[in-house]
Amino acid sequence: MIRKALLGALMVTLQACTSAPVDNETTDAAECVGSTALPSAWADKFVAVDDPALLASSLGQPLEGKLCQGKVYQATEGVTVYRAWNSTNPHSQFGHWWALSQPSGLVADYRQDYEICYQWSPLDKLVQCTLQPGAKVVVGNGQSAKCSEYLTYPTSSAQQVYLQEAEQAVQHCQTFDAVLRWQ
């Protein structure tokens, strides 16, 4: 009897979540910084869509990385996206985390903006691809990440793009190598 009551309560809760209005963003963005609104250069190339499961898969708890807040969009035309990745792991080329613009500047700044711990990737390769029309993405701001007892990245206002099935969502990719250049 108690099991049925708990199951019933769970079903009501899940139905309430799935029938909520299409706000499509995290519920607790109080500690998040930045915006989930698309940059003006992308605004006419996407439409907001409701996909709670995709949104949930992109969000992370404090100090664990992923996104702090996000909004789900669907591409209406091809858009260029970028991903810095780890050459020692060829499977990481089409990982989940992408950027709206080509990385430039200091690697340390890029790591902080996108909360990329050194243990996760040396960031020695870059791939530039075209996101296919119809692909769904989550655009949001990075959650804090604890890399070690000596290094923690705070939440970031830099927007990231989450692709759940990147290899199927992108086409026309070009790969580039990192080159040491000391200044």
# chains A, B, ... in the order shown; residues from 1 in each chain; ligands from 1
>>> closest_atom_pairs(of="range 28-55 of chain A", to="range 131-155 of chain A", cutoff="7 Å", atoms="only C-alpha atoms", output="tab-separated table")
residue	atom	partner	partner_atom	distance
A:Cys32	CA	A:Thr155	CA	6.4
A:Val33	CA	A:Thr155	CA	6.7
A:Gly34	CA	A:Asn141	CA	6.3
A:Ser35	CA	A:Gly140	CA	6.8
A:Thr36	CA	A:Gly140	CA	4.8
A:Leu55	CA	A:Val138	CA	6.4
>>> select_by_dssp(residues="range 32-165 of chain A", states="strand (DSSP E)", output="VMD selection string")
chain A and resid 46 to 48 67 to 75 79 to 85 97 to 99 125 to 131 136 to 142 145 to 148 151 to 153 159 to 162
>>> residues_around(residues="Tyr110 in chain A", least_positions_apart="2", cutoff="12 Å", atoms="only C-alpha atoms", output="PyMOL selection string")
chain A and resi 83-84+99+101-108+112-118+122-123+142+153+156+158-160
>>> closest_residue(among="A:Asn86, A:Ser157, A:Gln69, A:Ser92", to="Ala178 in chain A", atoms="only C-alpha atoms")
A:Asn86
>>> atom_distance(atom1="CA of Gln74 in chain A", atom2="CA of Phe176 in chain A")
27.0 Å
>>> select_by_dssp(residues="chain A", states="helix (DSSP H, G or I)", output="NGL selection string")
:A and (2-18 or 40-43 or 52-58 or 90-94 or 107-114 or 166-169)
>>> write_last_selection(atoms="N, CA and C atoms", output="short mmCIF file (atom, residue, chain, number, x, y, z; two decimals), in the first residue's frame")
data_model
loop_
_atom_site.label_atom_id
_atom_site.label_comp_id
_atom_site.auth_asym_id
_atom_site.auth_seq_id
_atom_site.Cartn_x
_atom_site.Cartn_y
_atom_site.Cartn_z
N ILE A 2 1.87 1.28 0.89
CA ILE A 2 2.77 2.43 0.95
C ILE A 2 3.53 2.56 -0.36
N ARG A 3 3.92 1.43 -0.92
CA ARG A 3 4.65 1.43 -2.20
C ARG A 3 3.79 2.06 -3.30
N LYS A 4 2.49 1.71 -3.34
CA LYS A 4 1.58 2.29 -4.34
C LYS A 4 1.44 3.79 -4.14
N ALA A 5 1.35 4.23 -2.88
CA ALA A 5 1.20 5.65 -2.59
C ALA A 5 2.45 6.41 -3.02
N LEU A 6 3.62 5.85 -2.74
CA LEU A 6 4.87 6.50 -3.16
C LEU A 6 4.99 6.55 -4.67
N LEU A 7 4.61 5.47 -5.33
CA LEU A 7 4.65 5.43 -6.79
C LEU A 7 3.69 6.45 -7.36
N GLY A 8 2.51 6.56 -6.77
CA GLY A 8 1.53 7.56 -7.22
C GLY A 8 2.05 8.97 -7.07
N ALA A 9 2.66 9.25 -5.92
CA ALA A 9 3.23 10.57 -5.68
C ALA A 9 4.34 10.89 -6.66
N LEU A 10 5.17 9.89 -6.95
CA LEU A 10 6.25 10.07 -7.91
C LEU A 10 5.68 10.37 -9.29
N MET A 11 4.65 9.66 -9.69
CA MET A 11 4.03 9.88 -11.01
C MET A 11 3.44 11.28 -11.11
N VAL A 12 2.78 11.75 -10.04
CA VAL A 12 2.21 13.10 -10.04
C VAL A 12 3.33 14.12 -10.17
N THR A 13 4.43 13.91 -9.44
CA THR A 13 5.58 14.82 -9.51
C THR A 13 6.16 14.85 -10.91
N LEU A 14 6.36 13.67 -11.52
CA LEU A 14 6.92 13.61 -12.87
C LEU A 14 5.97 14.27 -13.87
N GLN A 15 4.68 14.05 -13.74
CA GLN A 15 3.73 14.67 -14.65
C GLN A 15 3.76 16.18 -14.50
N ALA A 16 3.87 16.66 -13.27
CA ALA A 16 3.94 18.10 -13.05
C ALA A 16 5.17 18.68 -13.71
N CYS A 17 6.29 17.95 -13.66
CA CYS A 17 7.52 18.42 -14.29
C CYS A 17 7.39 18.45 -15.81
N THR A 18 6.76 17.43 -16.37
CA THR A 18 6.69 17.36 -17.83
C THR A 18 5.61 18.25 -18.40
N SER A 40 23.41 37.64 -30.51
CA SER A 40 22.66 38.17 -31.66
C SER A 40 23.05 37.49 -32.97
N ALA A 41 24.31 37.11 -33.14
CA ALA A 41 24.75 36.44 -34.36
C ALA A 41 24.08 35.07 -34.55
N TRP A 42 23.57 34.47 -33.47
CA TRP A 42 22.96 33.15 -33.54
C TRP A 42 21.44 33.20 -33.43
N ALA A 43 20.89 34.30 -32.96
CA ALA A 43 19.47 34.38 -32.60
C ALA A 43 18.53 33.94 -33.72
N PRO A 52 13.19 18.55 -21.65
CA PRO A 52 13.68 18.48 -20.27
C PRO A 52 14.79 17.45 -20.07
N ALA A 53 14.74 16.33 -20.77
CA ALA A 53 15.77 15.30 -20.60
C ALA A 53 17.13 15.80 -21.09
N LEU A 54 17.15 16.46 -22.24
CA LEU A 54 18.41 17.00 -22.77
C LEU A 54 18.95 18.07 -21.84
N LEU A 55 18.08 18.95 -21.36
CA LEU A 55 18.52 19.99 -20.43
C LEU A 55 19.11 19.37 -19.17
N ALA A 56 18.41 18.39 -18.61
CA ALA A 56 18.88 17.75 -17.38
C ALA A 56 20.24 17.09 -17.57
N SER A 57 20.50 16.51 -18.74
CA SER A 57 21.78 15.84 -18.96
C SER A 57 22.95 16.82 -19.06
N SER A 58 22.66 18.10 -19.31
CA SER A 58 23.72 19.09 -19.45
C SER A 58 24.07 19.81 -18.16
N PRO A 90 41.29 9.89 -28.98
CA PRO A 90 40.61 10.23 -30.23
C PRO A 90 39.09 10.29 -30.09
N HIS A 91 38.53 9.57 -29.13
CA HIS A 91 37.08 9.59 -28.93
C HIS A 91 36.60 10.92 -28.36
N SER A 92 37.51 11.74 -27.85
CA SER A 92 37.10 13.01 -27.26
C SER A 92 36.85 14.10 -28.31
N GLN A 93 37.20 13.84 -29.56
CA GLN A 93 36.99 14.85 -30.61
C GLN A 93 35.53 15.27 -30.70
N PHE A 94 34.63 14.33 -30.53
CA PHE A 94 33.21 14.64 -30.63
C PHE A 94 32.52 14.53 -29.28
N VAL A 107 45.60 29.86 -22.88
CA VAL A 107 44.96 28.58 -22.58
C VAL A 107 44.39 28.61 -21.16
N ALA A 108 45.11 29.22 -20.23
CA ALA A 108 44.64 29.30 -18.84
C ALA A 108 43.31 30.05 -18.75
N ASP A 109 43.16 31.10 -19.53
CA ASP A 109 41.89 31.85 -19.54
C ASP A 109 40.77 31.01 -20.15
N TYR A 110 41.08 30.27 -21.20
CA TYR A 110 40.09 29.40 -21.83
C TYR A 110 39.63 28.32 -20.84
N ARG A 111 40.58 27.73 -20.13
CA ARG A 111 40.24 26.72 -19.11
C ARG A 111 39.30 27.31 -18.06
N GLN A 112 39.60 28.52 -17.60
CA GLN A 112 38.77 29.14 -16.57
C GLN A 112 37.39 29.50 -17.12
N ASP A 113 37.33 30.06 -18.32
CA ASP A 113 36.04 30.44 -18.91
C ASP A 113 35.13 29.23 -19.10
N TYR A 114 35.71 28.09 -19.46
CA TYR A 114 34.92 26.89 -19.76
C TYR A 114 35.07 25.80 -18.70
N ALA A 166 27.20 14.55 -30.50
CA ALA A 166 27.92 15.47 -31.38
C ALA A 166 28.28 14.88 -32.73
N GLU A 167 28.73 13.64 -32.75
CA GLU A 167 29.18 13.05 -34.02
C GLU A 167 28.05 13.00 -35.06
N GLN A 168 26.81 12.84 -34.59
CA GLN A 168 25.68 12.83 -35.51
C GLN A 168 25.15 14.24 -35.80
N ALA A 169 25.46 15.20 -34.94
CA ALA A 169 24.91 16.54 -35.06
C ALA A 169 25.76 17.50 -35.88
#
>>> atom_distance(atom1="CA of Gly78 in chain A", atom2="CA of Lys125 in chain A")
22.5 Å
>>> atom_distance(atom1="CA of Thr76 in chain A", atom2="CA of Val47 in chain A")
7.1 Å
>>> residues_around(residues="Gln174 in chain A", least_positions_apart="3", cutoff="9 Å", atoms="only C-alpha atoms", output="list of chain:residue names")
A:Leu126, A:Val127, A:Gln128, A:Cys129
